[in-house]
Each structure stands twice: as C-alpha cells, then as structure tokens.
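S.K.: My structure is in work-v9.txt, and what it holds is compact mmCIF, C-alpha atoms and all ligand atoms:
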# COMPACT_ATOMS: atom_id res chain seq x y z
CA MET S 783 -17.90 0.26 22.64
CA SER S 784 -14.39 -1.06 22.76
CA ASN S 785 -11.92 1.05 24.68
CA GLY S 786 -10.49 4.06 22.79
CA ILE S 787 -12.59 3.86 19.63
CA SER S 788 -14.67 7.00 20.20
CA ARG S 789 -11.59 9.03 21.10
CA ARG S 790 -9.80 7.93 17.95
CA ILE S 791 -12.77 8.79 15.74
CA GLU S 792 -12.90 12.28 17.29
CA ALA S 793 -9.21 12.77 16.44
CA PHE S 794 -9.51 11.56 12.82
CA ASP S 795 -8.65 14.30 10.30
CA GLY S 796 -10.80 12.71 7.56
CA VAL S 797 -14.45 12.74 6.50
CA GLY S 798 -15.59 10.00 8.86
CA VAL S 799 -15.73 6.38 9.87
CA ILE S 800 -18.37 3.73 9.25
CA THR S 801 -18.22 1.17 12.02
CA ARG S 802 -19.99 -2.13 12.44
CA TYR S 803 -19.54 -5.03 14.81
CA ASP S 804 -20.09 -8.38 13.09
CA ARG S 805 -21.44 -10.46 15.95
CA PRO S 806 -21.35 -13.96 14.33
CA THR S 807 -17.59 -13.74 13.82
CA GLY S 808 -16.64 -11.20 16.50
CA THR S 809 -15.15 -8.94 13.83
CA TRP S 810 -14.98 -5.15 13.97
CA ILE S 811 -15.48 -3.54 10.58
CA PHE S 812 -14.01 -0.06 10.15
CA ILE S 813 -14.43 1.82 6.87
CA CYS S 814 -12.43 5.04 7.10
CA ILE S 815 -13.29 7.72 4.57
CA HIS S 816 -10.44 10.21 4.51
CA ASP S 817 -10.82 12.70 1.66
CA ASP S 818 -13.25 12.84 -1.29
CA THR S 819 -11.91 15.96 -3.02
CA LEU S 820 -10.71 14.09 -6.12
CA GLY S 821 -13.56 11.61 -6.49
CA SER S 822 -15.46 8.82 -4.81
CA THR S 823 -13.36 7.19 -2.16
CA THR S 824 -11.53 3.97 -2.88
CA GLY S 825 -9.09 1.80 -1.01
CA GLY S 826 -8.30 -1.78 -0.16
CA THR S 827 -9.77 -3.96 2.57
CA ARG S 828 -7.31 -5.38 5.08
CA MET S 829 -8.21 -8.39 7.21
CA ARG S 830 -6.21 -9.31 10.29
CA GLN S 831 -6.19 -9.76 14.04
CA TYR S 832 -5.02 -6.79 16.08
CA PRO S 833 -4.09 -6.71 19.76
CA GLU S 834 -7.20 -4.51 20.23
CA PRO S 835 -9.98 -3.59 17.76
CA ALA S 836 -9.01 0.06 18.28
CA ASP S 837 -5.58 -0.72 16.77
CA GLY S 838 -7.40 -1.86 13.64
CA LEU S 839 -9.22 1.47 13.55
CA THR S 840 -5.94 3.39 13.85
CA ASP S 841 -4.44 1.29 11.06
CA ALA S 842 -7.45 1.95 8.82
CA MET S 843 -7.22 5.71 9.45
CA ARG S 844 -3.52 5.82 8.59
CA LEU S 845 -4.03 3.67 5.52
CA ALA S 846 -6.98 5.82 4.38
CA ARG S 847 -4.81 8.94 4.59
CA GLY S 848 -2.18 7.04 2.58
CA MET S 849 -4.76 6.32 -0.13
CA THR S 850 -5.64 10.04 -0.43
CA HIS S 851 -1.94 10.67 -1.02
CA LYS S 852 -1.62 7.74 -3.41
CA TRP S 853 -4.42 8.85 -5.74
CA ALA S 854 -3.40 12.51 -5.63
CA ALA S 855 0.31 11.87 -6.24
CA LEU S 856 -0.54 9.96 -9.40
CA GLY S 857 -3.20 12.45 -10.48
CA LEU S 858 -5.97 9.83 -10.44
CA PRO S 859 -9.61 10.85 -9.88
CA PHE S 860 -10.36 9.01 -6.62
CA GLY S 861 -10.58 9.91 -2.97
CA GLY S 862 -8.80 8.17 -0.10
CA ALA S 863 -10.37 5.51 2.10
CA LYS S 864 -9.51 2.15 3.56
CA ALA S 865 -11.32 -0.64 5.35
CA VAL S 866 -10.13 -2.94 8.09
CA LEU S 867 -11.83 -6.14 9.15
CA ALA S 868 -10.34 -6.63 12.60
CA THR S 869 -11.07 -10.28 13.28
CA SER S 870 -11.08 -11.94 16.70
CA ARG S 871 -9.57 -15.16 15.29
CA PRO S 872 -8.43 -16.54 11.91
CA LEU S 873 -11.54 -17.07 9.76
CA VAL S 874 -11.94 -19.82 7.18
CA GLY S 875 -14.73 -21.63 5.34
CA GLU S 876 -18.36 -20.69 5.98
CA GLU S 877 -17.54 -18.26 8.75
CA ARG S 878 -15.28 -16.28 6.46
CA THR S 879 -17.79 -16.40 3.62
CA GLY S 880 -20.53 -15.15 5.97
CA LEU S 881 -18.45 -12.20 7.11
CA LEU S 882 -17.49 -11.29 3.54
CA GLU S 883 -21.13 -11.45 2.39
CA ARG S 884 -22.28 -9.19 5.21
CA TYR S 885 -19.38 -6.86 4.52
CA GLY S 886 -20.32 -6.78 0.81
CA ARG S 887 -23.90 -5.82 1.71
CA LEU S 888 -22.63 -3.06 3.98
CA ILE S 889 -20.58 -1.61 1.10
CA GLU S 890 -23.57 -1.85 -1.21
CA SER S 891 -25.72 0.02 1.32
CA LEU S 892 -23.27 2.95 1.20
CA GLY S 893 -24.38 3.57 -2.38
CA GLY S 894 -20.96 4.13 -3.93
CA ILE S 895 -19.26 6.59 -1.58
CA PHE S 896 -16.71 3.81 -1.00
CA ALA S 897 -15.35 1.13 -3.32
CA THR S 898 -12.73 -1.45 -2.46
CA GLY S 899 -10.31 -4.20 -3.48
CA GLU S 900 -7.62 -6.44 -2.01
CA ASP S 901 -5.14 -5.54 0.66
CA LEU S 902 -3.11 -7.52 3.21
CA GLY S 903 -5.09 -10.54 4.36
CA THR S 904 -7.75 -10.49 1.63
CA THR S 905 -7.55 -12.41 -1.63
CA PRO S 906 -9.12 -12.34 -5.10
CA GLU S 907 -11.23 -15.34 -3.89
CA ASP S 908 -12.54 -13.24 -1.00
CA PHE S 909 -13.45 -10.57 -3.50
CA ALA S 910 -15.30 -13.04 -5.68
CA ILE S 911 -17.62 -13.45 -2.64
CA ILE S 912 -17.90 -9.73 -1.93
CA THR S 913 -18.69 -9.09 -5.60
CA GLY S 914 -21.76 -11.29 -5.21
CA GLN S 915 -23.20 -8.60 -2.89
CA THR S 916 -21.99 -5.31 -4.31
CA SER S 917 -20.77 -3.76 -7.52
CA PHE S 918 -18.51 -1.31 -5.68
CA VAL S 919 -15.45 -3.50 -6.11
CA HIS S 920 -12.34 -2.52 -8.03
CA GLY S 921 -10.45 -4.78 -10.38
CA ILE S 922 -13.26 -6.68 -12.10
CA HIS S 923 -12.63 -7.38 -15.77
CA PRO S 924 -15.58 -5.71 -17.58
CA GLU S 925 -16.11 -8.60 -20.03
CA THR S 926 -15.05 -11.76 -18.25
CA ARG S 927 -16.23 -10.49 -14.82
CA GLU S 928 -13.11 -12.12 -13.40
CA LYS S 929 -11.42 -10.63 -10.35
CA ILE S 930 -8.02 -9.28 -11.25
CA ASP S 931 -5.26 -9.56 -8.66
CA PRO S 932 -3.54 -6.21 -7.99
CA GLY S 933 -0.43 -7.91 -6.50
CA PRO S 934 1.53 -8.45 -9.74
CA PHE S 935 0.86 -4.83 -10.77
CA THR S 936 2.02 -3.54 -7.41
CA ALA S 937 5.19 -5.65 -7.70
CA ARG S 938 5.88 -4.34 -11.20
CA GLY S 939 5.30 -0.76 -10.07
CA VAL S 940 7.74 -1.18 -7.18
CA PHE S 941 10.26 -2.64 -9.59
CA HIS S 942 10.04 0.38 -11.93
CA GLY S 943 10.06 2.76 -8.99
CA MET S 944 13.19 1.12 -7.61
CA GLN S 945 14.85 1.14 -11.02
CA ALA S 946 14.16 4.87 -11.34
CA ALA S 947 15.40 5.57 -7.81
CA VAL S 948 18.57 3.55 -8.39
CA GLY S 949 19.10 5.60 -11.55
CA GLU S 950 18.88 8.83 -9.53
CA VAL S 951 21.12 7.65 -6.69
CA PHE S 952 23.78 5.52 -8.37
CA ASP S 953 23.62 6.71 -11.95
CA GLY S 954 23.12 3.24 -13.41
CA GLY S 955 20.75 0.30 -13.46
CA LEU S 956 19.86 -2.51 -11.08
CA GLU S 957 22.48 -4.78 -12.60
CA GLY S 958 25.01 -5.77 -9.94
CA ARG S 959 23.15 -3.95 -7.15
CA THR S 960 22.36 -5.79 -3.94
CA VAL S 961 18.73 -5.54 -2.89
CA MET S 962 17.40 -6.75 0.44
CA VAL S 963 13.73 -7.72 0.12
CA GLN S 964 11.95 -7.92 3.48
CA GLY S 965 8.80 -10.03 3.10
CA ALA S 966 8.60 -12.68 0.38
CA GLY S 967 4.80 -12.72 0.20
CA HIS S 968 2.38 -11.85 -2.53
CA VAL S 969 4.17 -8.70 -3.69
CA GLY S 970 7.68 -9.16 -2.28
CA GLY S 971 7.97 -12.66 -3.75
CA ARG S 972 7.28 -11.37 -7.25
CA LEU S 973 9.61 -8.45 -6.78
CA VAL S 974 12.41 -10.91 -5.96
CA ASP S 975 11.94 -12.51 -9.39
CA LEU S 976 11.81 -9.21 -11.27
CA LEU S 977 14.99 -8.00 -9.55
CA HIS S 978 16.79 -11.20 -10.39
CA GLU S 979 15.76 -10.88 -14.05
CA ALA S 980 17.20 -7.36 -14.04
CA GLY S 981 20.57 -8.67 -12.83
CA ALA S 982 20.39 -7.58 -9.19
CA SER S 983 21.64 -9.86 -6.45
CA VAL S 984 18.82 -10.43 -4.02
CA LEU S 985 18.85 -11.01 -0.27
CA VAL S 986 15.59 -12.24 1.21
CA THR S 987 14.34 -11.99 4.75
CA ASP S 988 10.95 -13.04 6.12
CA ILE S 989 9.59 -13.90 9.55
CA ASP S 990 8.40 -17.07 7.79
CA GLY S 991 11.79 -18.73 7.20
CA ASP S 992 10.39 -21.18 4.62
CA ALA S 993 9.00 -18.36 2.49
CA ALA S 994 12.40 -16.65 2.53
CA GLU S 995 14.18 -19.91 1.66
CA SER S 996 12.00 -20.73 -1.30
CA ALA S 997 12.14 -17.22 -2.78
CA ALA S 998 15.92 -17.07 -2.36
CA ALA S 999 16.34 -20.54 -3.84
CA ARG S 1000 14.41 -19.52 -6.98
CA VAL S 1001 16.90 -16.78 -7.78
CA GLY S 1002 20.09 -18.19 -6.28
CA GLY S 1003 20.02 -15.50 -3.60
CA ALA S 1004 20.83 -15.66 0.11
CA THR S 1005 18.48 -15.44 3.06
CA VAL S 1006 19.06 -13.14 6.01
CA PRO S 1007 17.67 -13.87 9.49
CA ALA S 1008 14.76 -11.57 10.33
CA GLU S 1009 16.68 -9.98 13.22
CA ASP S 1010 19.53 -8.95 10.88
CA ALA S 1011 17.26 -7.39 8.27
CA TYR S 1012 18.26 -3.80 9.07
CA ALA S 1013 21.97 -4.06 9.79
CA THR S 1014 22.90 -6.01 6.65
CA ASP S 1015 24.96 -4.28 3.98
CA CYS S 1016 23.04 -3.68 0.75
CA ASP S 1017 22.40 -0.97 -1.86
CA VAL S 1018 18.63 -1.02 -1.55
CA TYR S 1019 16.41 -2.03 1.33
CA ALA S 1020 12.92 -3.01 0.11
CA PRO S 1021 10.34 -3.22 2.93
CA CYS S 1022 7.56 -5.40 1.50
CA ALA S 1023 5.84 -6.68 4.64
CA ILE S 1024 4.29 -4.80 7.53
CA GLY S 1025 4.42 -1.03 8.06
CA ALA S 1026 6.48 1.09 10.47
CA THR S 1027 9.75 -0.78 9.88
CA LEU S 1028 11.49 2.59 9.49
CA ASN S 1029 11.71 4.06 12.98
CA ALA S 1030 14.02 5.59 15.55
CA GLU S 1031 15.51 2.18 16.38
CA THR S 1032 16.00 0.75 12.88
CA ILE S 1033 17.10 3.82 10.91
CA PRO S 1034 20.47 4.18 12.71
CA LEU S 1035 21.19 0.52 11.87
CA LEU S 1036 20.57 0.72 8.13
CA ARG S 1037 23.50 0.12 5.80
CA CYS S 1038 21.87 0.95 2.46
CA ARG S 1039 21.74 4.02 0.19
CA LEU S 1040 18.13 3.67 -0.80
CA VAL S 1041 14.83 2.49 0.67
CA ALA S 1042 12.28 1.41 -1.94
CA GLY S 1043 9.61 -1.17 -1.19
CA SER S 1044 5.92 -2.04 -1.36
CA ALA S 1045 4.75 -1.87 2.27
CA ASN S 1046 2.18 0.75 3.19
CA ASN S 1047 3.03 3.25 5.95
CA GLN S 1048 6.73 2.40 6.13
CA LEU S 1049 7.58 5.31 8.44
CA ALA S 1050 6.57 4.85 12.08
CA GLU S 1051 6.27 8.64 12.54
CA PRO S 1052 6.75 11.70 10.32
CA GLU S 1053 10.16 12.49 11.91
CA ASP S 1054 11.52 9.27 10.39
CA ALA S 1055 11.63 10.97 6.99
CA ASP S 1056 14.15 13.46 8.41
CA ARG S 1057 16.08 10.71 10.19
CA LEU S 1058 16.60 9.01 6.81
CA HIS S 1059 17.42 12.30 5.09
CA ASP S 1060 19.98 13.19 7.79
CA ARG S 1061 21.69 9.85 7.25
CA GLY S 1062 21.84 10.47 3.49
CA ILE S 1063 19.52 7.56 2.76
CA ILE S 1064 17.14 8.23 -0.11
CA TYR S 1065 13.58 7.10 0.58
CA ALA S 1066 11.07 6.48 -2.23
CA PRO S 1067 7.74 7.48 -0.58
CA ASP S 1068 5.69 4.34 0.00
CA TYR S 1069 2.38 5.62 -1.33
CA ILE S 1070 3.95 6.45 -4.68
CA ILE S 1071 6.18 3.45 -5.26
CA ASN S 1072 3.48 0.99 -4.16
CA ALA S 1073 0.68 2.55 -6.22
CA GLY S 1074 0.83 -0.01 -9.06
CA GLY S 1075 -2.26 -1.94 -7.96
CA ALA S 1076 -4.24 1.26 -7.55
CA LEU S 1077 -3.03 2.56 -10.93
CA ALA S 1078 -3.95 -0.69 -12.69
CA PHE S 1079 -7.44 -0.60 -11.19
CA ALA S 1080 -7.92 3.04 -12.19
CA LEU S 1081 -6.84 2.27 -15.77
CA LEU S 1082 -9.22 -0.68 -15.82
CA ILE S 1083 -12.12 1.58 -14.83
CA GLY S 1084 -11.01 3.90 -17.63
CA GLY S 1085 -11.59 1.03 -20.08
CA GLU S 1086 -8.06 -0.37 -20.48
CA THR S 1087 -8.29 -4.15 -20.22
CA GLU S 1088 -5.20 -5.44 -22.03
CA SER S 1089 -2.93 -6.79 -19.33
CA GLU S 1090 0.16 -6.14 -21.49
CA VAL S 1091 -0.78 -2.46 -21.66
CA LEU S 1092 -1.57 -2.33 -17.95
CA PHE S 1093 1.83 -3.79 -17.09
CA THR S 1094 3.58 -1.38 -19.45
CA ARG S 1095 1.87 1.57 -17.76
CA MET S 1096 3.54 0.64 -14.48
CA THR S 1097 6.49 2.63 -15.81
CA ASP S 1098 4.39 5.68 -14.76
CA ILE S 1099 5.35 4.78 -11.20
CA GLY S 1100 9.03 4.99 -12.14
CA GLU S 1101 8.54 8.41 -13.72
CA THR S 1102 6.68 9.76 -10.70
CA VAL S 1103 9.30 8.44 -8.28
CA ALA S 1104 12.07 10.02 -10.39
CA GLU S 1105 10.26 13.39 -10.48
CA VAL S 1106 9.79 13.42 -6.73
CA LEU S 1107 13.39 12.41 -5.98
CA ARG S 1108 14.70 15.12 -8.31
CA GLU S 1109 12.51 17.78 -6.73
CA ALA S 1110 13.74 16.67 -3.28
CA ALA S 1111 17.39 16.67 -4.38
CA ARG S 1112 17.09 20.21 -5.82
CA SER S 1113 15.92 21.61 -2.51
CA ASP S 1114 17.93 19.24 -0.28
CA GLU S 1115 14.84 17.96 1.48
CA SER S 1116 13.30 14.59 2.20
CA PRO S 1117 11.40 13.04 -0.74
CA VAL S 1118 8.46 12.83 1.68
CA THR S 1119 8.35 16.64 1.80
CA ALA S 1120 8.50 16.91 -1.99
CA ALA S 1121 5.82 14.24 -2.43
CA GLY S 1122 3.58 15.93 0.16
CA ARG S 1123 3.82 19.19 -1.79
CA ARG S 1124 2.87 17.40 -4.98
CA VAL S 1125 -0.21 15.94 -3.24
CA GLU S 1126 -1.20 19.34 -1.79
CA ARG S 1127 -0.86 20.98 -5.22
CA THR S 1128 -3.21 18.44 -6.75
CA LEU S 1129 -5.78 18.71 -3.94
CA GLN S 1130 -5.64 22.53 -3.93
CA GLU S 1131 -6.14 22.70 -7.69
CA ALA S 1132 -9.16 20.40 -7.43
CA ARG S 1133 -10.62 22.46 -4.57
CA GLY S 1134 -10.07 25.64 -6.57
CA ALA S 1135 -11.69 24.14 -9.64
CA SER S 1136 -14.78 23.03 -7.74
CA GLN S 1137 -15.19 26.56 -6.33
CA ASP S 1138 -15.11 27.99 -9.88
CA ASP S 1139 -18.06 25.80 -10.95
N1 LIG S 1201 -4.60 -2.43 -1.58
C1 LIG S 1201 -3.82 -1.92 -2.65
C2 LIG S 1201 -3.36 -0.49 -2.33
O1 LIG S 1201 -3.42 -0.04 -1.21
C3 LIG S 1201 -4.53 -2.04 -3.98
C4 LIG S 1201 -5.86 -1.37 -4.08
C5 LIG S 1201 -5.94 -0.05 -4.47
C6 LIG S 1201 -7.02 -2.04 -3.86
C7 LIG S 1201 -7.15 0.57 -4.63
C8 LIG S 1201 -8.23 -1.41 -4.01
C9 LIG S 1201 -8.28 -0.12 -4.39
O2 LIG S 1201 -2.89 0.21 -3.15
What does this structure look like when you write it as structure tokens?
M.R.:
Amino acid sequence: MSNGISRRIEAFDGVGVITRYDRPTGTWIFICIHDDTLGSTTGGTRMRQYPEPADGLTDAMRLARGMTHKWAALGLPFGGAKAVLATSRPLVGEERTGLLERYGRLIESLGGIFATGEDLGTTPEDFAIITGQTSFVHGIHPETREKIDPGPFTARGVFHGMQAAVGEVFDGGLEGRTVMVQGAGHVGGRLVDLLHEAGASVLVTDIDGDAAESAAARVGGATVPAEDAYATDCDVYAPCAIGATLNAETIPLLRCRLVAGSANNQLAEPEDADRLHDRGIIYAPDYIINAGGALAFALLIGGETESEVLFTRMTDIGETVAEVLREAARSDESPVTAAGRRVERTLQEARGASQDD
C-alpha cells in the first residue's frame, strides 16, 4: 500500500475509510465516512491529482469532517463524508467514463451508507454517468431525472452569507464595498456577477489569468496578480479556489475586514482562526457560508423542486452566518469557536435523543 496510508487511517477521528485502487486508470478511491449521528452520510466527490495518493486521503478526511460540520450547523439530517478520486493523470473520454462507472458500482455496493454529488473536479456530466450505476446520488430532479448543478446554489449561498456578514461588520450593504474574489471558476465566477449586481466593486484574481480577465471584464472590475491576492486592500476577501489559503504566512498580509468565500477548508490549521481574530478580521466559517449546494440538495430530497424556491432558501445561509457572527461578537471569540459550539449542540442533542429511544 502506498506510503503513509495505513498510518493516516489509524489517526482518522471518523467512522472509517473505504479504499479501492482502480487499476485501469491508476486512481486511488478514498471514501471517508466521518460521522453518521445525524443521518446517512453524504458529501461530494472530488477528483484531482495529488503529489501522493496519501495526500488525497488526508484531503478526503478533512473534507469529510467539514461535511459533518456543514450538515449539523444547518440542522440538516445527514452525516458527514467525502470521497476523493486521486488520479494519476488527467482522465478524459472512455478512461474517465470507465472510472466513473466503477466508482458508481462501488457506491451502490455500499447500500446507502454513503451518497454523493459534485465537488472540485467533478461535473454534472460525470454524475450523469455515475447515476447510471447507483441511485445514491444527490441532486437528481425527481421528475425529469436531470442532474442539478449545485454550483449556482453554492454561489448564491455565499452571496447571502457575505451580505449578512457585511451587515454585521460595516452596518450596511454590499453597495460600494470592494470585494476580492480569489478563483473565478464554477462558484467564484458566479459570485463575481452577483456581487456586481449588488453594487460591489469586484477585484478578481486567479492562477488562470484568462479566467480572471474574462470575469473582471464582465463586471468592469480589475484583476489582481495571483501573488498580490493577499496584500491588496479590500473590504472583503473571498477565497473561492483551493483550501488552506488562510495560514501563518498569508494572514499577516491581509488588508481586509472580512473573509467570506466558498472554498472548503480555508484555514490551514485551527490556530489560524485565532490569528484572524487577533487581527480583528471577521471570518465567516467556510462550512456554513459554502453550504448552499448541500442545502439545495437536502431541500430537493425533502420534495422541494421549484428552483425559484430553492434559490430563495439560500437566504438561510445568510441568517445562519449572522447568528454565528453575533454569538462570536458577544463573547469576543472567533466565529469558528461559536460555529463549533453550534455543531456540538446539534450533535449532542441528536445523541441524547437516540439514547432516549
Ligand atoms: N460538494 C459540495 C459541498 O461540499 C456540494 C455537495 C454537498 C455535493 C452534498 C454533494 C453532497 O458542499
């Protein structure tokens, strides 16, 4: 087995890990089941190349823990899990289809302890293939059987979360605020448009310079070189690309009042929450502000199919962010601490209730 994998599984604080090596494509599949207290476990499937397969496992474990927090913070009846397909090379065409079909059959064989949907590197088209093999896929319209893309819901949730956070911090709306969006991809790109519509001036940065240019051009905003992303003056910094962009090196550079974006696992380590708090920068916890896709899928399972209604419900994200920021402000603590308490309350109540049965 690849170096370090067994050690990492031993150290995992969750339920367990389902591991498979897909020989035809040289892909490691890791399905990390973190916590099933609130319901059957559900989380996205990420596909990418990692320096080592074990790094993919670590990513999946961290993301699975994030999903437990995400469902619990919003009071939704699902447990936390995440899957990573750690590929050995970019996969397209038949090779990709083959992997996705085998992955779909693996999920089916688990009998429903894990259900999944899109995450970084997987698309609604990929999920159309997976759905051919298993019914344990989130975001399928019950009548049309079409795969619904969570991205626009996530973007709308981040928008409402940011609006609420701006309201708490500046006592006003997004109008006239400068927002730096890092990552103009699937979610970040849409967020750029929503912010522009709300009257914010938008700065865009992306390691893909063309993506930054085209998003900025759409809204008459400016681009910022990737290396200046942290040290640029703005009101809000919105990390919408990879995780761990908030760390011991970047936090001292920041020149914003608020961090509110869609990326998962924005903090490199738990201490980064205190680093932000000590600098007086308000941080909207990632797993709450980026929960729009998860919320939309949960509502869909609950029978709500009108996309208008689903979009409107993304205001729930704004309300939750506002509640958490207020609780944190009252006790002069990091919003991460307040959000963690909210999650623990929900999990404890559920554990207590199941003991009463
Ligand atoms: N991947 C997204 C997230 O982490 C959306 C998603 C949620 C997909 C739940 C499937 C299940 O929130």
S.K.: So, counting only C-alpha atoms and all ligand atoms, which residue among S:Gly1003, S:Pro833, S:Gly861, S:Gly796 is closest to ligand LIG 1201 (chain S)?
M.R.: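 Ranked by minimum distance to ligand LIG 1201 (chain S), first place goes to S:Gly861.
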S.K.: So which one's closest to ligand LIG 1201 (chain S), S:His942, S:Arg878, S:His968, S:Arg1000? Using all atoms listed in the file, please.
M.R.: S:His968
S.K.: As an exercise, work out the distance from CA of Arg1095 in chain S to CA of Pro934 in chain S in Å and give it to one decimal place.
M.R.: 12.8 Å
S.K.: If I put a ball of radius 9 Å at (24.3, -2.5, -7.1) in the file's coordinates, which residues poke into it when counting all atoms listed in the file, written as number ranges by chain?
M.R.: S: 948, 952, 954-961, 982-983, 1016-1018
S.K.: For the contact check between chain S and ligand LIG 1201 (chain S), emit one row per residue of chain S within 6 Å, containing the shortest atom pair and the distance in Å rounded to one decimal, counting only C-alpha atoms and all ligand atoms, chain then rising number order, as CSV.
M.R.:
residue,atom,partner,partner_atom,distance
S:Thr824,CA,S:LIG1201,C9,5.4
S:Gly825,CA,S:LIG1201,C9,4.0
S:Gly826,CA,S:LIG1201,C8,3.9
S:Thr898,CA,S:LIG1201,C8,4.8
S:Gly899,CA,S:LIG1201,C8,3.5
S:Glu900,CA,S:LIG1201,C6,4.8
S:Asp901,CA,S:LIG1201,N1,3.9
S:His920,CA,S:LIG1201,C8,5.9
S:Pro932,CA,S:LIG1201,C3,5.9
S:Ala1073,CA,S:LIG1201,O2,5.3
S:Gly1075,CA,S:LIG1201,C3,4.6
S:Ala1076,CA,S:LIG1201,C5,3.8
S.K.: I'd like to know which of S:Trp810, S:Asp1060, S:Phe941, S:Gly894 is closest to Asp1114 in chain S, using all atoms listed in the file.
M.R.: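 The answer is S:Asp1060, which sits nearest to Asp1114 in chain S.
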S.K.: Quick one: everything within 10 Å of range 949-951 of chain S, counting all atoms listed in the file, minus sequence neighbours fewer than 2 positions away in the same chain. Send it as a PDB file with C-alpha atoms, in the coordinates of the input.
M.R.:
ATOM      1  CA  GLY S 943      10.060   2.760  -8.990  1.00  0.00           C
ATOM      2  CA  MET S 944      13.190   1.120  -7.610  1.00  0.00           C
ATOM      3  CA  GLN S 945      14.850   1.140 -11.020  1.00  0.00           C
ATOM      4  CA  ALA S 946      14.160   4.870 -11.340  1.00  0.00           C
ATOM      5  CA  ALA S 947      15.400   5.570  -7.810  1.00  0.00           C
ATOM      6  CA  ASP S 953      23.620   6.710 -11.950  1.00  0.00           C
ATOM      7  CA  GLY S 954      23.120   3.240 -13.410  1.00  0.00           C
ATOM      8  CA  GLY S 955      20.750   0.300 -13.460  1.00  0.00           C
ATOM      9  CA  LEU S 956      19.860  -2.510 -11.080  1.00  0.00           C
ATOM     10  CA  ASP S1017      22.400  -0.970  -1.860  1.00  0.00           C
ATOM     11  CA  ARG S1039      21.740   4.020   0.190  1.00  0.00           C
ATOM     12  CA  LEU S1040      18.130   3.670  -0.800  1.00  0.00           C
ATOM     13  CA  ILE S1063      19.520   7.560   2.760  1.00  0.00           C
ATOM     14  CA  ILE S1064      17.140   8.230  -0.110  1.00  0.00           C
ATOM     15  CA  VAL S1103       9.300   8.440  -8.280  1.00  0.00           C
ATOM     16  CA  ALA S1104      12.070  10.020 -10.390  1.00  0.00           C
ATOM     17  CA  GLU S1105      10.260  13.390 -10.480  1.00  0.00           C
ATOM     18  CA  LEU S1107      13.390  12.410  -5.980  1.00  0.00           C
ATOM     19  CA  ARG S1108      14.700  15.120  -8.310  1.00  0.00           C
ATOM     20  CA  ALA S1111      17.390  16.670  -4.380  1.00  0.00           C
TER      21      ALA S1111
END
S.K.: If we count only C-alpha atoms and set the cut-off at 7 Å, which residues sit around Cys814 in chain S, ignoring sequence neighbours fewer than 6 positions away in its own chain? Please answer as a list in words.
M.R.: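 Result of the neighbour search: Gly798, Val799, Ile800, Ala842, Met843, Ala846, Ala863, Lys864 and Ala865 of chain S.
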S.K.: So that I have them on file, write out the residues from the current selection with C-alpha atoms, as an mmCIF file, in the coordinates of the input.
M.R.:
data_model
loop_
_atom_site.group_PDB
_atom_site.id
_atom_site.type_symbol
_atom_site.label_atom_id
_atom_site.label_comp_id
_atom_site.auth_asym_id
_atom_site.auth_seq_id
_atom_site.Cartn_x
_atom_site.Cartn_y
_atom_site.Cartn_z
ATOM 1 C CA GLY S 798 -15.590 10.000 8.860
ATOM 2 C CA VAL S 799 -15.730 6.380 9.870
ATOM 3 C CA ILE S 800 -18.370 3.730 9.250
ATOM 4 C CA ALA S 842 -7.450 1.950 8.820
ATOM 5 C CA MET S 843 -7.220 5.710 9.450
ATOM 6 C CA ALA S 846 -6.980 5.820 4.380
ATOM 7 C CA ALA S 863 -10.370 5.510 2.100
ATOM 8 C CA LYS S 864 -9.510 2.150 3.560
ATOM 9 C CA ALA S 865 -11.320 -0.640 5.350
#
S.K.: Using N, CA and C atoms, give me range 846-858 of chain S from the structure I just pasted, as an mmCIF file, in the first residue's frame.
M.R.:
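Once everything was written out, this is out.cif:
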data_model
loop_
_atom_site.group_PDB
_atom_site.id
_atom_site.type_symbol
_atom_site.label_atom_id
_atom_site.label_comp_id
_atom_site.auth_asym_id
_atom_site.auth_seq_id
_atom_site.Cartn_x
_atom_site.Cartn_y
_atom_site.Cartn_z
ATOM 1 N N ALA S 846 -14.382 15.419 4.827
ATOM 2 C CA ALA S 846 -15.470 14.645 5.443
ATOM 3 C C ALA S 846 -15.861 15.256 6.786
ATOM 4 N N ARG S 847 -14.855 15.645 7.563
ATOM 5 C CA ARG S 847 -15.105 16.309 8.848
ATOM 6 C C ARG S 847 -15.866 17.620 8.596
ATOM 7 N N GLY S 848 -15.462 18.337 7.545
ATOM 8 C CA GLY S 848 -16.147 19.578 7.174
ATOM 9 C C GLY S 848 -17.617 19.335 6.851
ATOM 10 N N MET S 849 -17.903 18.203 6.199
ATOM 11 C CA MET S 849 -19.308 17.909 5.857
ATOM 12 C C MET S 849 -20.125 17.627 7.109
ATOM 13 N N THR S 850 -19.555 16.944 8.102
ATOM 14 C CA THR S 850 -20.269 16.724 9.367
ATOM 15 C C THR S 850 -20.668 18.081 9.956
ATOM 16 N N HIS S 851 -19.713 19.011 9.936
ATOM 17 C CA HIS S 851 -19.983 20.343 10.470
ATOM 18 C C HIS S 851 -21.043 21.070 9.635
ATOM 19 N N LYS S 852 -20.921 20.924 8.313
ATOM 20 C CA LYS S 852 -21.837 21.629 7.412
ATOM 21 C C LYS S 852 -23.287 21.220 7.665
ATOM 22 N N TRP S 853 -23.535 19.909 7.692
ATOM 23 C CA TRP S 853 -24.914 19.433 7.901
ATOM 24 C C TRP S 853 -25.410 19.844 9.276
ATOM 25 N N ALA S 854 -24.565 19.680 10.289
ATOM 26 C CA ALA S 854 -25.002 19.961 11.663
ATOM 27 C C ALA S 854 -25.267 21.452 11.869
ATOM 28 N N ALA S 855 -24.406 22.305 11.314
ATOM 29 C CA ALA S 855 -24.574 23.747 11.512
ATOM 30 C C ALA S 855 -25.895 24.227 10.935
ATOM 31 N N LEU S 856 -26.327 23.584 9.853
ATOM 32 C CA LEU S 856 -27.586 23.993 9.235
ATOM 33 C C LEU S 856 -28.773 23.182 9.736
ATOM 34 N N GLY S 857 -28.511 22.247 10.648
ATOM 35 C CA GLY S 857 -29.598 21.440 11.209
ATOM 36 C C GLY S 857 -30.216 20.490 10.195
ATOM 37 N N LEU S 858 -29.413 19.984 9.270
ATOM 38 C CA LEU S 858 -29.939 19.085 8.235
ATOM 39 C C LEU S 858 -29.616 17.627 8.589
#
